[in-house]
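Quick look at start_29.pdb (PDB, C-alpha atoms):
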ATOM      1  CA  MET M  24     144.578-131.615-118.686  1.00  0.00           C
ATOM      2  CA  ARG M  25     144.932-130.005-122.089  1.00  0.00           C
ATOM      3  CA  LYS M  26     144.290-126.588-120.538  1.00  0.00           C
ATOM      4  CA  SER M  27     147.006-127.183-117.943  1.00  0.00           C
ATOM      5  CA  LEU M  28     149.475-128.251-120.623  1.00  0.00           C
ATOM      6  CA  LYS M  29     148.572-125.236-122.729  1.00  0.00           C
ATOM      7  CA  ASN M  30     149.125-122.892-119.775  1.00  0.00           C
ATOM      8  CA  ARG M  31     152.518-124.447-119.080  1.00  0.00           C
ATOM      9  CA  LEU M  32     153.513-124.014-122.728  1.00  0.00           C
ATOM     10  CA  ILE M  33     152.492-120.366-122.665  1.00  0.00           C
ATOM     11  CA  VAL M  34     154.500-119.790-119.481  1.00  0.00           C
ATOM     12  CA  GLY M  35     157.474-121.536-121.047  1.00  0.00           C
ATOM     13  CA  VAL M  36     157.320-119.335-124.151  1.00  0.00           C
ATOM     14  CA  LEU M  37     157.084-116.195-122.020  1.00  0.00           C
ATOM     15  CA  VAL M  38     160.095-117.243-119.950  1.00  0.00           C
ATOM     16  CA  ILE M  39     162.152-117.911-123.069  1.00  0.00           C
ATOM     17  CA  ALA M  40     161.064-114.617-124.658  1.00  0.00           C
ATOM     18  CA  THR M  41     161.941-112.724-121.483  1.00  0.00           C
ATOM     19  CA  PHE M  42     165.329-114.427-121.283  1.00  0.00           C
ATOM     20  CA  PHE M  43     166.272-113.582-124.864  1.00  0.00           C
ATOM     21  CA  GLY M  44     164.876-110.073-124.456  1.00  0.00           C
ATOM     22  CA  CYS M  45     167.178-109.513-121.489  1.00  0.00           C
ATOM     23  CA  GLN M  46     170.090-111.019-123.378  1.00  0.00           C
ATOM     24  CA  LYS M  47     169.465-108.709-126.342  1.00  0.00           C
ATOM     25  CA  SER M  48     169.287-105.637-124.113  1.00  0.00           C
ATOM     26  CA  LYS M  49     172.563-106.632-122.462  1.00  0.00           C
ATOM     27  CA  ALA M  50     174.215-107.162-125.842  1.00  0.00           C
ATOM     28  CA  GLU M  51     172.983-103.813-127.130  1.00  0.00           C
ATOM     29  CA  ALA M  52     174.263-102.090-123.986  1.00  0.00           C
ATOM     30  CA  GLU M  53     177.696-103.662-124.496  1.00  0.00           C
ATOM     31  CA  GLU M  54     177.775-102.721-128.185  1.00  0.00           C
ATOM     32  CA  GLY M  55     177.159 -99.029-127.537  1.00  0.00           C
ATOM     33  CA  MET M  56     176.570 -96.563-130.359  1.00  0.00           C
ATOM     34  CA  PRO M  57     176.308 -97.785-133.959  1.00  0.00           C
ATOM     35  CA  PHE M  58     178.184 -96.528-137.008  1.00  0.00           C
ATOM     36  CA  PHE M  59     176.567 -95.278-140.209  1.00  0.00           C
ATOM     37  CA  ASN M  60     178.471 -96.193-143.359  1.00  0.00           C
ATOM     38  CA  THR M  61     175.894 -95.780-146.130  1.00  0.00           C
ATOM     39  CA  PRO M  62     173.438 -93.112-147.338  1.00  0.00           C
ATOM     40  CA  GLU M  63     170.564 -95.375-146.303  1.00  0.00           C
ATOM     41  CA  PHE M  64     171.628 -94.693-142.696  1.00  0.00           C
ATOM     42  CA  THR M  65     171.556 -98.363-141.744  1.00  0.00           C
ATOM     43  CA  PRO M  66     173.054 -98.643-138.232  1.00  0.00           C
ATOM     44  CA  GLU M  67     175.968-101.055-137.895  1.00  0.00           C
ATOM     45  CA  TRP M  68     177.558-102.281-134.690  1.00  0.00           C
ATOM     46  CA  ILE M  69     181.181-103.108-135.481  1.00  0.00           C
ATOM     47  CA  ALA M  70     183.538-104.561-132.893  1.00  0.00           C
ATOM     48  CA  LYS M  71     187.062-103.180-132.598  1.00  0.00           C
ATOM     49  CA  ASP M  72     188.532-106.591-133.392  1.00  0.00           C
ATOM     50  CA  SER M  73     186.461-106.913-136.577  1.00  0.00           C
ATOM     51  CA  PRO M  74     188.241-106.607-139.962  1.00  0.00           C
ATOM     52  CA  GLU M  75     185.525-104.076-140.857  1.00  0.00           C
ATOM     53  CA  PHE M  76     186.496-101.692-138.058  1.00  0.00           C
ATOM     54  CA  SER M  77     189.300-100.102-140.082  1.00  0.00           C
ATOM     55  CA  LYS M  78     186.894 -99.591-143.001  1.00  0.00           C
ATOM     56  CA  ILE M  79     184.314 -97.507-141.140  1.00  0.00           C
ATOM     57  CA  HIS M  80     183.191 -94.478-143.150  1.00  0.00           C
ATOM     58  CA  THR M  81     184.834 -91.214-142.051  1.00  0.00           C
ATOM     59  CA  ILE M  82     184.346 -87.572-142.998  1.00  0.00           C
ATOM     60  CA  PRO M  83     187.341 -86.574-145.168  1.00  0.00           C
ATOM     61  CA  ALA M  84     189.635 -83.579-144.840  1.00  0.00           C
ATOM     62  CA  PHE M  85     187.936 -80.251-145.555  1.00  0.00           C
ATOM     63  CA  ALA M  86     188.555 -76.510-145.426  1.00  0.00           C
ATOM     64  CA  LEU M  87     185.709 -73.993-145.089  1.00  0.00           C
ATOM     65  CA  THR M  88     185.332 -70.475-143.677  1.00  0.00           C
ATOM     66  CA  ASN M  89     183.269 -69.556-140.622  1.00  0.00           C
ATOM     67  CA  GLN M  90     181.398 -66.410-139.610  1.00  0.00           C
ATOM     68  CA  ASP M  91     184.559 -64.967-138.062  1.00  0.00           C
ATOM     69  CA  ASP M  92     186.491 -65.375-141.348  1.00  0.00           C
ATOM     70  CA  GLN M  93     188.501 -68.237-139.853  1.00  0.00           C
ATOM     71  CA  THR M  94     189.434 -71.362-141.778  1.00  0.00           C
ATOM     72  CA  ILE M  95     187.806 -74.434-140.258  1.00  0.00           C
ATOM     73  CA  THR M  96     189.292 -77.814-141.173  1.00  0.00           C
ATOM     74  CA  GLU M  97     189.260 -81.414-140.026  1.00  0.00           C
ATOM     75  CA  LYS M  98     191.950 -80.360-137.527  1.00  0.00           C
ATOM     76  CA  THR M  99     189.391 -78.097-135.822  1.00  0.00           C
ATOM     77  CA  VAL M 100     187.193 -81.081-134.980  1.00  0.00           C
ATOM     78  CA  GLU M 101     190.004 -83.556-134.306  1.00  0.00           C
ATOM     79  CA  GLY M 102     189.203 -85.479-131.133  1.00  0.00           C
ATOM     80  CA  LYS M 103     185.919 -83.568-130.740  1.00  0.00           C
ATOM     81  CA  ILE M 104     182.334 -84.772-130.861  1.00  0.00           C
ATOM     82  CA  TYR M 105     180.300 -82.547-133.139  1.00  0.00           C
ATOM     83  CA  VAL M 106     176.840 -82.093-134.611  1.00  0.00           C
ATOM     84  CA  ALA M 107     176.613 -81.032-138.265  1.00  0.00           C
ATOM     85  CA  ASN M 108     173.714 -79.731-140.310  1.00  0.00           C
ATOM     86  CA  PHE M 109     173.032 -77.955-143.606  1.00  0.00           C
ATOM     87  CA  MET M 110     171.007 -74.744-143.848  1.00  0.00           C
ATOM     88  CA  PHE M 111     170.931 -71.247-145.368  1.00  0.00           C
ATOM     89  CA  THR M 112     170.230 -67.910-143.741  1.00  0.00           C
ATOM     90  CA  SER M 113     167.332 -66.832-145.980  1.00  0.00           C
ATOM     91  CA  CYS M 114     165.416 -70.080-145.493  1.00  0.00           C
ATOM     92  CA  GLY M 115     161.946 -69.503-144.072  1.00  0.00           C
ATOM     93  CA  SER M 116     160.827 -73.100-143.572  1.00  0.00           C
ATOM     94  CA  ILE M 117     162.855 -75.739-141.708  1.00  0.00           C
ATOM     95  CA  CYS M 118     166.072 -73.766-141.155  1.00  0.00           C
ATOM     96  CA  PRO M 119     164.809 -71.428-138.394  1.00  0.00           C
ATOM     97  CA  ARG M 120     163.587 -74.446-136.424  1.00  0.00           C
ATOM     98  CA  MET M 121     166.878 -76.241-136.938  1.00  0.00           C
ATOM     99  CA  THR M 122     168.804 -73.170-135.822  1.00  0.00           C
ATOM    100  CA  ASP M 123     166.661 -72.836-132.691  1.00  0.00           C
ATOM    101  CA  ASN M 124     167.276 -76.497-131.894  1.00  0.00           C
ATOM    102  CA  MET M 125     171.002 -76.212-132.552  1.00  0.00           C
ATOM    103  CA  LYS M 126     171.010 -73.408-130.002  1.00  0.00           C
ATOM    104  CA  ILE M 127     169.560 -75.840-127.444  1.00  0.00           C
ATOM    105  CA  LEU M 128     172.692 -77.918-127.955  1.00  0.00           C
ATOM    106  CA  GLN M 129     174.922 -74.843-127.822  1.00  0.00           C
ATOM    107  CA  ASP M 130     173.427 -73.787-124.498  1.00  0.00           C
ATOM    108  CA  LYS M 131     173.787 -77.311-123.125  1.00  0.00           C
ATOM    109  CA  TYR M 132     177.469 -77.562-124.076  1.00  0.00           C
ATOM    110  CA  ALA M 133     178.499 -73.903-123.912  1.00  0.00           C
ATOM    111  CA  ASN M 134     181.298 -74.693-121.455  1.00  0.00           C
ATOM    112  CA  ASP M 135     182.218 -78.110-122.836  1.00  0.00           C
ATOM    113  CA  SER M 136     185.232 -77.801-125.126  1.00  0.00           C
ATOM    114  CA  GLN M 137     184.777 -81.381-126.299  1.00  0.00           C
ATOM    115  CA  ILE M 138     181.567 -80.542-128.191  1.00  0.00           C
ATOM    116  CA  LEU M 139     181.315 -78.425-131.372  1.00  0.00           C
ATOM    117  CA  LEU M 140     178.522 -77.467-133.765  1.00  0.00           C
ATOM    118  CA  LEU M 141     178.933 -77.036-137.540  1.00  0.00           C
ATOM    119  CA  SER M 142     176.196 -75.469-139.688  1.00  0.00           C
ATOM    120  CA  HIS M 143     177.052 -75.484-143.396  1.00  0.00           C
ATOM    121  CA  SER M 144     175.341 -73.049-145.759  1.00  0.00           C
ATOM    122  CA  VAL M 145     173.914 -74.722-148.871  1.00  0.00           C
ATOM    123  CA  ASN M 146     173.589 -71.283-150.470  1.00  0.00           C
ATOM    124  CA  PRO M 147     177.177 -70.045-150.130  1.00  0.00           C
ATOM    125  CA  GLU M 148     176.861 -67.609-153.037  1.00  0.00           C
ATOM    126  CA  LEU M 149     174.633 -65.444-150.834  1.00  0.00           C
ATOM    127  CA  ASP M 150     175.842 -66.590-147.428  1.00  0.00           C
ATOM    128  CA  ASP M 151     179.261 -64.988-147.398  1.00  0.00           C
ATOM    129  CA  VAL M 152     181.223 -64.291-144.225  1.00  0.00           C
ATOM    130  CA  LYS M 153     179.480 -60.961-143.607  1.00  0.00           C
ATOM    131  CA  LYS M 154     176.028 -62.508-143.970  1.00  0.00           C
ATOM    132  CA  LEU M 155     176.906 -65.424-141.706  1.00  0.00           C
ATOM    133  CA  LYS M 156     178.274 -63.040-139.086  1.00  0.00           C
ATOM    134  CA  GLU M 157     175.028 -61.059-139.082  1.00  0.00           C
ATOM    135  CA  TYR M 158     173.059 -64.293-138.771  1.00  0.00           C
ATOM    136  CA  ALA M 159     175.336 -65.575-136.001  1.00  0.00           C
ATOM    137  CA  ASP M 160     174.862 -62.368-134.010  1.00  0.00           C
ATOM    138  CA  LEU M 161     171.097 -62.544-134.546  1.00  0.00           C
ATOM    139  CA  LYS M 162     170.896 -66.151-133.368  1.00  0.00           C
ATOM    140  CA  GLY M 163     173.359 -65.847-130.493  1.00  0.00           C
ATOM    141  CA  CYS M 164     176.008 -68.185-131.872  1.00  0.00           C
ATOM    142  CA  ILE M 165     179.077 -68.476-129.672  1.00  0.00           C
ATOM    143  CA  SER M 166     182.293 -68.002-131.649  1.00  0.00           C
ATOM    144  CA  GLY M 167     184.510 -71.053-131.446  1.00  0.00           C
ATOM    145  CA  LYS M 168     181.615 -73.256-130.339  1.00  0.00           C
ATOM    146  CA  TRP M 169     179.158 -72.979-133.229  1.00  0.00           C
ATOM    147  CA  HIS M 170     180.708 -72.524-136.652  1.00  0.00           C
ATOM    148  CA  LEU M 171     178.521 -71.243-139.505  1.00  0.00           C
ATOM    149  CA  LEU M 172     180.386 -72.332-142.620  1.00  0.00           C
ATOM    150  CA  THR M 173     180.627 -71.098-146.194  1.00  0.00           C
ATOM    151  CA  GLY M 174     182.928 -71.824-149.104  1.00  0.00           C
ATOM    152  CA  ASP M 175     182.957 -73.282-152.582  1.00  0.00           C
ATOM    153  CA  LYS M 176     179.497 -74.643-153.401  1.00  0.00           C
ATOM    154  CA  ASN M 177     180.766 -77.800-155.094  1.00  0.00           C
ATOM    155  CA  THR M 178     182.961 -78.530-152.084  1.00  0.00           C
ATOM    156  CA  ILE M 179     180.058 -78.110-149.653  1.00  0.00           C
ATOM    157  CA  TYR M 180     177.644 -80.184-151.732  1.00  0.00           C
ATOM    158  CA  THR M 181     180.171 -82.974-152.217  1.00  0.00           C
ATOM    159  CA  LEU M 182     180.876 -83.000-148.513  1.00  0.00           C
ATOM    160  CA  ALA M 183     177.171 -82.942-147.679  1.00  0.00           C
ATOM    161  CA  LYS M 184     175.853 -85.531-150.119  1.00  0.00           C
ATOM    162  CA  LYS M 185     178.763 -87.920-150.547  1.00  0.00           C
ATOM    163  CA  HIS M 186     180.247 -87.897-147.062  1.00  0.00           C
ATOM    164  CA  TYR M 187     177.649 -86.754-144.515  1.00  0.00           C
ATOM    165  CA  PHE M 188     174.865 -88.439-146.541  1.00  0.00           C
ATOM    166  CA  ALA M 189     172.947 -85.283-145.634  1.00  0.00           C
ATOM    167  CA  GLY M 190     170.362 -85.656-148.376  1.00  0.00           C
ATOM    168  CA  ASP M 191     169.708 -89.287-147.497  1.00  0.00           C
ATOM    169  CA  SER M 192     170.040 -91.809-150.320  1.00  0.00           C
ATOM    170  CA  ILE M 193     168.175 -89.471-152.692  1.00  0.00           C
ATOM    171  CA  GLY M 194     170.879 -86.843-152.386  1.00  0.00           C
ATOM    172  CA  PHE M 195     173.689 -89.377-152.537  1.00  0.00           C
ATOM    173  CA  TYR M 196     172.513 -91.013-155.741  1.00  0.00           C
ATOM    174  CA  GLY M 197     171.073 -87.866-157.324  1.00  0.00           C
ATOM    175  CA  LYS M 198     172.767 -85.008-159.136  1.00  0.00           C
ATOM    176  CA  LEU M 199     175.410 -83.208-157.134  1.00  0.00           C
ATOM    177  CA  ASN M 200     174.088 -79.739-158.025  1.00  0.00           C
ATOM    178  CA  ASP M 201     170.484 -80.521-157.015  1.00  0.00           C
ATOM    179  CA  PHE M 202     169.551 -78.124-154.221  1.00  0.00           C
ATOM    180  CA  LEU M 203     170.054 -79.634-150.789  1.00  0.00           C
ATOM    181  CA  HIS M 204     167.376 -79.062-148.181  1.00  0.00           C
ATOM    182  CA  THR M 205     167.492 -81.571-145.349  1.00  0.00           C
ATOM    183  CA  GLU M 206     166.384 -81.536-141.720  1.00  0.00           C
ATOM    184  CA  ASN M 207     169.045 -84.018-140.631  1.00  0.00           C
ATOM    185  CA  PHE M 208     171.351 -83.358-137.708  1.00  0.00           C
ATOM    186  CA  ILE M 209     174.379 -85.635-137.944  1.00  0.00           C
ATOM    187  CA  LEU M 210     176.365 -86.698-134.887  1.00  0.00           C
ATOM    188  CA  VAL M 211     180.058 -87.290-135.557  1.00  0.00           C
ATOM    189  CA  ASP M 212     182.604 -88.718-133.136  1.00  0.00           C
ATOM    190  CA  GLY M 213     186.185 -87.687-132.425  1.00  0.00           C
ATOM    191  CA  LYS M 214     187.460 -89.772-135.345  1.00  0.00           C
ATOM    192  CA  ARG M 215     185.011 -88.194-137.827  1.00  0.00           C
ATOM    193  CA  ARG M 216     182.724 -91.234-137.982  1.00  0.00           C
ATOM    194  CA  ILE M 217     178.934 -90.805-138.225  1.00  0.00           C
ATOM    195  CA  ARG M 218     177.271 -92.128-135.071  1.00  0.00           C
ATOM    196  CA  GLY M 219     173.723 -90.759-135.184  1.00  0.00           C
ATOM    197  CA  VAL M 220     171.129 -89.107-137.424  1.00  0.00           C
ATOM    198  CA  TYR M 221     168.220 -87.032-136.088  1.00  0.00           C
ATOM    199  CA  ASN M 222     165.353 -84.826-137.210  1.00  0.00           C
ATOM    200  CA  GLY M 223     166.728 -81.365-136.527  1.00  0.00           C
ATOM    201  CA  THR M 224     163.312 -79.710-136.635  1.00  0.00           C
ATOM    202  CA  LEU M 225     162.082 -81.495-133.495  1.00  0.00           C
ATOM    203  CA  PRO M 226     163.150 -80.197-130.052  1.00  0.00           C
ATOM    204  CA  ILE M 227     162.588 -83.667-128.553  1.00  0.00           C
ATOM    205  CA  GLU M 228     165.316 -85.029-130.823  1.00  0.00           C
ATOM    206  CA  MET M 229     167.807 -82.776-129.038  1.00  0.00           C
ATOM    207  CA  ASP M 230     167.204 -84.883-125.932  1.00  0.00           C
ATOM    208  CA  ARG M 231     168.214 -87.953-127.906  1.00  0.00           C
ATOM    209  CA  ILE M 232     171.343 -86.238-129.220  1.00  0.00           C
ATOM    210  CA  ILE M 233     172.328 -85.217-125.691  1.00  0.00           C
ATOM    211  CA  GLU M 234     171.802 -88.779-124.488  1.00  0.00           C
ATOM    212  CA  ASP M 235     173.906 -90.155-127.350  1.00  0.00           C
ATOM    213  CA  ILE M 236     176.683 -87.613-126.755  1.00  0.00           C
ATOM    214  CA  THR M 237     176.816 -88.822-123.149  1.00  0.00           C
ATOM    215  CA  THR M 238     177.226 -92.373-124.450  1.00  0.00           C
ATOM    216  CA  LEU M 239     179.945 -91.348-126.918  1.00  0.00           C
ATOM    217  CA  LYS M 240     181.896 -89.599-124.188  1.00  0.00           C
ATOM    218  CA  LYS M 241     182.159 -92.928-122.356  1.00  0.00           C
ATOM    219  CA  GLU M 242     183.705 -94.727-125.313  1.00  0.00           C
ATOM    220  CA  LYS M 243     187.314 -95.727-125.007  1.00  0.00           C
TER     221      LYS M 243
END
Here is the file; what I need is its structure written in the form of structure tokens.
Amino acid sequence: MRKSLKNRLIVGVLVIATFFGCQKSKAEAEEGMPFFNTPEFTPEWIAKDSPEFSKIHTIPAFALTNQDDQTITEKTVEGKIYVANFMFTSCGSICPRMTDNMKILQDKYANDSQILLLSHSVNPELDDVKKLKEYADLKGCISGKWHLLTGDKNTIYTLAKKHYFAGDSIGFYGKLNDFLHTENFILVDGKRRIRGVYNGTLPIEMDRIIEDITTLKKEK
């Protein structure tokens, strides 16, 4: 008798767990992609009718120079989905892997005008326009699709640490002039809001970015 009651209780718990599991999956599917508003990269799902929706963190206005000596600003990415990272051309550790993986994304979206790639040099004193152009040619960067960016170092580091949270919380709360070396790829939507963070050294993470870009494209 006790065994029968115990079995029924176990079945009941499993049914309830399954029900709530299905409900959670449905809710997550309806919520879509999260937003990232802090350097801790805590995902937040914020409804459009929430008072917090108008306070979502956005990348501010900027002006940098690409490998073709063109000025790239927030207007360049307006209405576009883009992936940003931070690198330098003489890096011999994580940067080559990140560049190879960024090229996976370039090849995937070569003919998709809605998707852009922005690689910011964290060593702009050496990575001038000429150097970035040589690097772009070496790596097969498509002009107008993949922008290698240089400019004022303080501007780049402020943008990276305070707005892209590129150095994680350590970079955000640390000294601004501390050298930045991060593997993060940051997915930004058409309104310059951070929607995903990935390990840019791992090719498998490019699959996740592609999947998330597909989801973002469906947002209204």
Could you give me, as CSV, a per-residue list for region 126-216 of chain M showing, wherever an atom lies at most 12 Å from an atom of region 90-101 of chain M, the closest pair of atoms and their distance in Å to one decimal, using only C-alpha atoms and sorting by chain then residue number from low to high?
residue,atom,partner,partner_atom,distance
M:Ser136,CA,M:Val100,CA,10.6
M:Gln137,CA,M:Val100,CA,9.0
M:Ile138,CA,M:Val100,CA,8.8
M:Leu139,CA,M:Val100,CA,7.4
M:Leu140,CA,M:Val100,CA,9.5
M:Leu141,CA,M:Val100,CA,9.5
M:Ser142,CA,M:Gln90,CA,10.4
M:His143,CA,M:Gln90,CA,10.7
M:Ser144,CA,M:Gln90,CA,10.9
M:Pro147,CA,M:Gln90,CA,11.9
M:Asp150,CA,M:Gln90,CA,9.6
M:Asp151,CA,M:Gln90,CA,8.2
M:Val152,CA,M:Gln90,CA,5.1
M:Lys153,CA,M:Gln90,CA,7.0
M:Lys154,CA,M:Gln90,CA,7.9
M:Leu155,CA,M:Gln90,CA,5.1
M:Lys156,CA,M:Gln90,CA,4.6
M:Glu157,CA,M:Gln90,CA,8.3
M:Tyr158,CA,M:Gln90,CA,8.6
M:Ala159,CA,M:Gln90,CA,7.1
M:Asp160,CA,M:Gln90,CA,9.5
M:Cys164,CA,M:Gln90,CA,9.6
M:Ile165,CA,M:Gln90,CA,10.4
M:Ser166,CA,M:Asp91,CA,7.4
M:Gly167,CA,M:Asp91,CA,9.0
M:Lys168,CA,M:Val100,CA,10.7
M:Trp169,CA,M:Gln90,CA,9.4
M:His170,CA,M:Gln90,CA,6.8
M:Leu171,CA,M:Gln90,CA,5.6
M:Leu172,CA,M:Gln90,CA,6.7
M:Thr173,CA,M:Gln90,CA,8.1
M:Gly174,CA,M:Thr94,CA,9.8
M:Val211,CA,M:Val100,CA,9.5
M:Asp212,CA,M:Glu101,CA,9.1
M:Gly213,CA,M:Glu101,CA,5.9
M:Lys214,CA,M:Glu101,CA,6.8
M:Arg215,CA,M:Glu101,CA,7.7
M:Arg216,CA,M:Glu101,CA,11.2
Inset, instruction - Taking (181.9, -78.3, -153.8) in the file's own coordinates, collect the residues within 12 Å, counting all atoms listed in the file, and hand them back as number ranges by chain. - result: M: 85-87, 143-148, 173-186, 199-200
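Computed from the coordinates, the CA of Phe111 (chain M) to CA of Ile236 (chain M) distance equals 25.4 Å.
Here CA of Val106 (chain M) and CA of Leu203 (chain M) stand 17.7 Å from one another.
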Legend entry - From M:Trp68, M:Tyr105, M:Phe59, M:Phe76, residue lying nearest Lys240 (chain M) [all atoms listed in the file]: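 Smallest distance to Lys240 (chain M) is found for M:Tyr105.
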Inset, instruction - Mind giving me the straight-line distance from CA of His80 (chain M) to CA of Asn60 (chain M) in Å, one decimal? - result: 5.0 Å
Emit as AutoDock Vina command-line options the padded axis-aligned box for all listed atoms of region 128-133 of chain M, 3 Å per side, with centre and edge lengths in Å to one decimal.
--center_x 175.6 --center_y -75.9 --center_z -125.5 --size_x 11.8 --size_y 10.1 --size_z 10.8
Given the PyMOL selection byres ((chain M and resi 229) around 12) and the file above, list the residues it selects as a PDB file with C-alpha atoms, keeping the file's coordinate frame.
ATOM      1  CA  VAL M 106     176.840 -82.093-134.611  1.00  0.00           C
ATOM      2  CA  ARG M 120     163.587 -74.446-136.424  1.00  0.00           C
ATOM      3  CA  MET M 121     166.878 -76.241-136.938  1.00  0.00           C
ATOM      4  CA  THR M 122     168.804 -73.170-135.822  1.00  0.00           C
ATOM      5  CA  ASP M 123     166.661 -72.836-132.691  1.00  0.00           C
ATOM      6  CA  ASN M 124     167.276 -76.497-131.894  1.00  0.00           C
ATOM      7  CA  MET M 125     171.002 -76.212-132.552  1.00  0.00           C
ATOM      8  CA  LYS M 126     171.010 -73.408-130.002  1.00  0.00           C
ATOM      9  CA  ILE M 127     169.560 -75.840-127.444  1.00  0.00           C
ATOM     10  CA  LEU M 128     172.692 -77.918-127.955  1.00  0.00           C
ATOM     11  CA  GLN M 129     174.922 -74.843-127.822  1.00  0.00           C
ATOM     12  CA  ASP M 130     173.427 -73.787-124.498  1.00  0.00           C
ATOM     13  CA  LYS M 131     173.787 -77.311-123.125  1.00  0.00           C
ATOM     14  CA  ASN M 207     169.045 -84.018-140.631  1.00  0.00           C
ATOM     15  CA  PHE M 208     171.351 -83.358-137.708  1.00  0.00           C
ATOM     16  CA  ILE M 209     174.379 -85.635-137.944  1.00  0.00           C
ATOM     17  CA  LEU M 210     176.365 -86.698-134.887  1.00  0.00           C
ATOM     18  CA  GLY M 219     173.723 -90.759-135.184  1.00  0.00           C
ATOM     19  CA  VAL M 220     171.129 -89.107-137.424  1.00  0.00           C
ATOM     20  CA  TYR M 221     168.220 -87.032-136.088  1.00  0.00           C
ATOM     21  CA  ASN M 222     165.353 -84.826-137.210  1.00  0.00           C
ATOM     22  CA  GLY M 223     166.728 -81.365-136.527  1.00  0.00           C
ATOM     23  CA  THR M 224     163.312 -79.710-136.635  1.00  0.00           C
ATOM     24  CA  LEU M 225     162.082 -81.495-133.495  1.00  0.00           C
ATOM     25  CA  PRO M 226     163.150 -80.197-130.052  1.00  0.00           C
ATOM     26  CA  ILE M 227     162.588 -83.667-128.553  1.00  0.00           C
ATOM     27  CA  GLU M 228     165.316 -85.029-130.823  1.00  0.00           C
ATOM     28  CA  ASP M 230     167.204 -84.883-125.932  1.00  0.00           C
ATOM     29  CA  ARG M 231     168.214 -87.953-127.906  1.00  0.00           C
ATOM     30  CA  ILE M 232     171.343 -86.238-129.220  1.00  0.00           C
ATOM     31  CA  ILE M 233     172.328 -85.217-125.691  1.00  0.00           C
ATOM     32  CA  GLU M 234     171.802 -88.779-124.488  1.00  0.00           C
ATOM     33  CA  ASP M 235     173.906 -90.155-127.350  1.00  0.00           C
ATOM     34  CA  ILE M 236     176.683 -87.613-126.755  1.00  0.00           C
TER      35      ILE M 236
END
Legend entry - Residue neighbourhood Ile69 (chain M), 10 Å, all atoms listed in the file, exclusion window fewer than 6 positions, as a ChimeraX atom specification: /M:54-58,75-77,79
Quick one: write out the picked residues with C-alpha atoms as a CSV table (one decimal), in the frame of the given file?
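Done, and the output landed in result38.csv:
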chain,number,residue,atom,x,y,z
M,54,GLU,CA,177.8,-102.7,-128.2
M,55,GLY,CA,177.2,-99.0,-127.5
M,56,MET,CA,176.6,-96.6,-130.4
M,57,PRO,CA,176.3,-97.8,-134.0
M,58,PHE,CA,178.2,-96.5,-137.0
M,75,GLU,CA,185.5,-104.1,-140.9
M,76,PHE,CA,186.5,-101.7,-138.1
M,77,SER,CA,189.3,-100.1,-140.1
M,79,ILE,CA,184.3,-97.5,-141.1
Got a sec to write region 54-86 of chain M of the block to a file, C-alpha atoms, as a PDB file, in the first residue's frame?
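After the write, decode-v1.pdb holds the following:
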ATOM      1  CA  GLU M  54      10.415  36.247 -24.594  1.00  0.00           C
ATOM      2  CA  GLY M  55      13.027  35.853 -27.324  1.00  0.00           C
ATOM      3  CA  MET M  56      16.535  37.252 -26.969  1.00  0.00           C
ATOM      4  CA  PRO M  57      17.635  38.880 -23.703  1.00  0.00           C
ATOM      5  CA  PHE M  58      19.251  42.276 -23.201  1.00  0.00           C
ATOM      6  CA  PHE M  59      22.554  42.885 -21.426  1.00  0.00           C
ATOM      7  CA  ASN M  60      22.643  46.083 -19.388  1.00  0.00           C
ATOM      8  CA  THR M  61      25.562  45.558 -17.002  1.00  0.00           C
ATOM      9  CA  PRO M  62      29.244  44.553 -17.212  1.00  0.00           C
ATOM     10  CA  GLU M  63      28.405  41.326 -15.384  1.00  0.00           C
ATOM     11  CA  PHE M  64      26.540  40.284 -18.554  1.00  0.00           C
ATOM     12  CA  THR M  65      23.436  39.226 -16.650  1.00  0.00           C
ATOM     13  CA  PRO M  66      20.727  38.471 -19.248  1.00  0.00           C
ATOM     14  CA  GLU M  67      17.469  40.369 -18.799  1.00  0.00           C
ATOM     15  CA  TRP M  68      14.194  39.739 -20.584  1.00  0.00           C
ATOM     16  CA  ILE M  69      12.335  43.048 -20.716  1.00  0.00           C
ATOM     17  CA  ALA M  70       8.861  43.362 -22.200  1.00  0.00           C
ATOM     18  CA  LYS M  71       8.078  46.270 -24.511  1.00  0.00           C
ATOM     19  CA  ASP M  72       5.350  47.483 -22.163  1.00  0.00           C
ATOM     20  CA  SER M  73       7.720  47.510 -19.176  1.00  0.00           C
ATOM     21  CA  PRO M  74       8.869  50.891 -17.775  1.00  0.00           C
ATOM     22  CA  GLU M  75      12.410  49.481 -18.008  1.00  0.00           C
ATOM     23  CA  PHE M  76      12.234  49.029 -21.779  1.00  0.00           C
ATOM     24  CA  SER M  77      13.131  52.659 -22.481  1.00  0.00           C
ATOM     25  CA  LYS M  78      16.120  52.370 -20.124  1.00  0.00           C
ATOM     26  CA  ILE M  79      17.851  49.482 -21.892  1.00  0.00           C
ATOM     27  CA  HIS M  80      21.592  50.064 -22.271  1.00  0.00           C
ATOM     28  CA  THR M  81      22.619  51.221 -25.759  1.00  0.00           C
ATOM     29  CA  ILE M  82      25.959  51.812 -27.460  1.00  0.00           C
ATOM     30  CA  PRO M  83      26.418  55.605 -27.727  1.00  0.00           C
ATOM     31  CA  ALA M  84      27.348  57.691 -30.748  1.00  0.00           C
ATOM     32  CA  PHE M  85      30.901  57.118 -31.981  1.00  0.00           C
ATOM     33  CA  ALA M  86      33.246  58.034 -34.820  1.00  0.00           C
TER      34      ALA M  86
END
